[in-house]
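Accompanying notes for the structure given below.
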Amino acid sequence: MMTMLEHDAQTDESLHESSGSSDARLVEAARRGDQAAYGELVQRYEHRLARVIHRFVHDMDMAEDLAQETFLKVYERLEQFDSSRRFGPWLFRIGVNLTLDYLRRKKRRGRWSLFTDRFKDKSPDPAVADPRKALDLQQEVQKVLQMIPEKYRIVLALRDLENFSTSEIAAVLHRKEATIRWRLAEARHRFQYYWGKRHGTAMPENFTPSESAESKDEM
Amino acid sequence: MKCKTAKHQMALAVGEDLTPAEIQELHRHLQDCSNCQQTWEQHQRGFAVLQHSRTNETRPKSDSVWPTLSQRLREHDAAPQRGEFNGWIAALAVTAACVVLFVFSFEDSPSLALHPQRGVSSGGTMVTSPSNSGQTVRPLLRRDEVQTMRPYNAAPKVDGSLRDPKLPVTE
């Protein structure tokens, strides 16, 4: 599938429906077999969904494939959708879960390849800055983000990079908003900690990411 | 406000994720705590890095997935759907099978339900079910059958007559 690069204007989209027919009306029409209505829903959300997925998979072709799979899955499950709720968070929840499942499968395959490709070069420790390579800001931010545990990273990416509100993230991840706020604070702490560690800047005092934080946020 | 709470609140405040009341409370703490002021500045720098990376980001823009997806949806709709499990059909099938088994089992044993008059033959040995005594009386053997019956320890029938079980076995 063809992709093109372009500077993306920072749109302030939200998961609320835009102008035109409401999501609920389009969902109802799609349930009755109106494919054009479903097409309108797809075109309304596809770019943002692909961007969010791309945040996690870093491969636009794969992001598009996963977005397509998400829309297919959503189409199959339209009957299960609770019309009293918003369509956007439901769609993104399915998309994010599908992406995380894909990443977990990929990670498992990666673990397996550790045993099969025994003599492969060891990848450098991301916690140690590599003086030979000057990475640009995005790559550097990306590396730091990868050091943050998944459940915090998702919240950070959705809030600070994709501009979702905490209530939207709560709806997408099916967690209480208080949990999301806790994870967001923890994620920002961790980002700053690892960023400071890599760049030799001062770190927040008395802060080291601890495993105890992992259990605290299951509210 | 304790410093620990303030640090948590700072991480939220930096992205404008606090209520005005919470911001005011944090502000009051920051005015009195130099350590937290330092942390606040670091948080602001860290958040600025994220925002800077976001605004200067070169994002791949995808084509619409709809043309391919609509084709897949048409194929999906055209494909014969696997029928859902219908419990009623299964229940009916099981009931019908039970009825057939019931009918055939009684056809094979006519002495039971189909010929109840055999159960009241005079002088017969009866077996009565304890659970429904007096209702289903099943004849096991008639008197003449009982009389010709071999005792349990009788020797095998050799010449058509019964051997007296009290006699010693000489063979």
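Identifiers for the structure tokens are assigned positionally: chains receive A, B, ... in sequence, residues are indexed from 1 per chain, and ligands are indexed from 1 in the order shown.
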How close does each residue of chain B get to chain A, giving the shortest atom pair and distance in Å to one decimal for every residue with an atom at most 9 Å away, counting only C-alpha atoms, sorted by chain and residue number, as CSV?
residue,atom,partner,partner_atom,distance
B:Lys7,CA,A:His189,CA,8.8
B:His8,CA,A:Ala185,CA,5.9
B:Gln9,CA,A:Ala185,CA,7.5
B:Met10,CA,A:Ala185,CA,8.1
B:Ala11,CA,A:Ala185,CA,4.9
B:Leu12,CA,A:Ala185,CA,5.6
B:Gly15,CA,A:Asp160,CA,7.6
B:Asp17,CA,A:Thr166,CA,8.0
B:Asn35,CA,A:Glu205,CA,7.8
B:Cys36,CA,A:Glu205,CA,8.6
B:Gln38,CA,A:Pro204,CA,8.0
B:Thr39,CA,A:Pro204,CA,5.3
B:Trp40,CA,A:Pro204,CA,8.6
B:Gln42,CA,A:Pro204,CA,6.9
B:His43,CA,A:Gln192,CA,6.8
B:Arg45,CA,A:Gln192,CA,8.4
B:Gly46,CA,A:Gln192,CA,5.3
B:Phe47,CA,A:Arg188,CA,7.7
B:Val49,CA,A:Val141,CA,7.9
B:Leu50,CA,A:Val141,CA,7.2
B:Gln51,CA,A:Asp160,CA,7.2
B:His52,CA,A:Leu137,CA,8.6
B:Ser53,CA,A:Gln138,CA,5.5
B:Arg54,CA,A:Leu161,CA,6.0
B:Thr55,CA,A:Gln10,CA,6.9
B:Asn56,CA,A:His7,CA,7.9
B:Glu57,CA,A:His7,CA,6.9
B:Thr58,CA,A:His7,CA,5.0
B:Arg59,CA,A:Asp8,CA,5.9
B:Pro60,CA,A:Leu5,CA,4.5
B:Lys61,CA,A:Met4,CA,5.6
B:Ser62,CA,A:Thr3,CA,5.3
B:Asp63,CA,A:Thr3,CA,6.4
B:Ser64,CA,A:Gln43,CA,7.1
B:Val65,CA,A:Gln68,CA,6.3
B:Trp66,CA,A:Gly39,CA,6.5
B:Thr68,CA,A:Gln68,CA,8.4
B:Leu69,CA,A:Gln68,CA,6.4
B:Ser70,CA,A:Gly39,CA,7.4
B:Arg72,CA,A:Leu72,CA,8.1
B:Leu73,CA,A:Leu72,CA,7.2
B:Arg74,CA,A:Gln35,CA,8.8
Shell around Thr70 of chain A at 8 Å using only C-alpha atoms, local window under 6 positions removed, as a ChimeraX atom specification: /A:91,94-95,98
File dump, residues just selected, C-alpha atoms, as a CSV table (one decimal), in the first residue's frame:
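Wrote selection_17.csv, looks like this:
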chain,number,residue,atom,x,y,z
A,91,LEU,CA,-13.4,1.7,17.8
A,94,ILE,CA,-10.6,-2.5,19.5
A,95,GLY,CA,-7.8,-1.0,17.4
A,98,LEU,CA,-5.6,-5.5,18.2
Please, which residues of segment 20-97 of chain A, numbered as in this document, come out helix (DSSP H, G or I) from DSSP, as a PyMOL selection string? chain A and resi 23-31+35-57+60-76+78-80+87-97
Write out as number ranges by chain the residues lying within 6 Å of segment 150-152 of chain A, counting only C-alpha atoms and excluding same-chain residues fewer than 2 positions away. A: 154-155, 183, 187
Length of the atom CA of Ser84 of chain A to atom CA of Leu66 of chain A vector [Å]: 26.5 Å
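Note that atom CA of Glu168 of chain A and atom CA of Arg104 of chain A are 23.8 Å apart.
In this structure, atom CA of Leu100 of chain A sits 18.0 Å away from atom CA of Lys143 of chain A.
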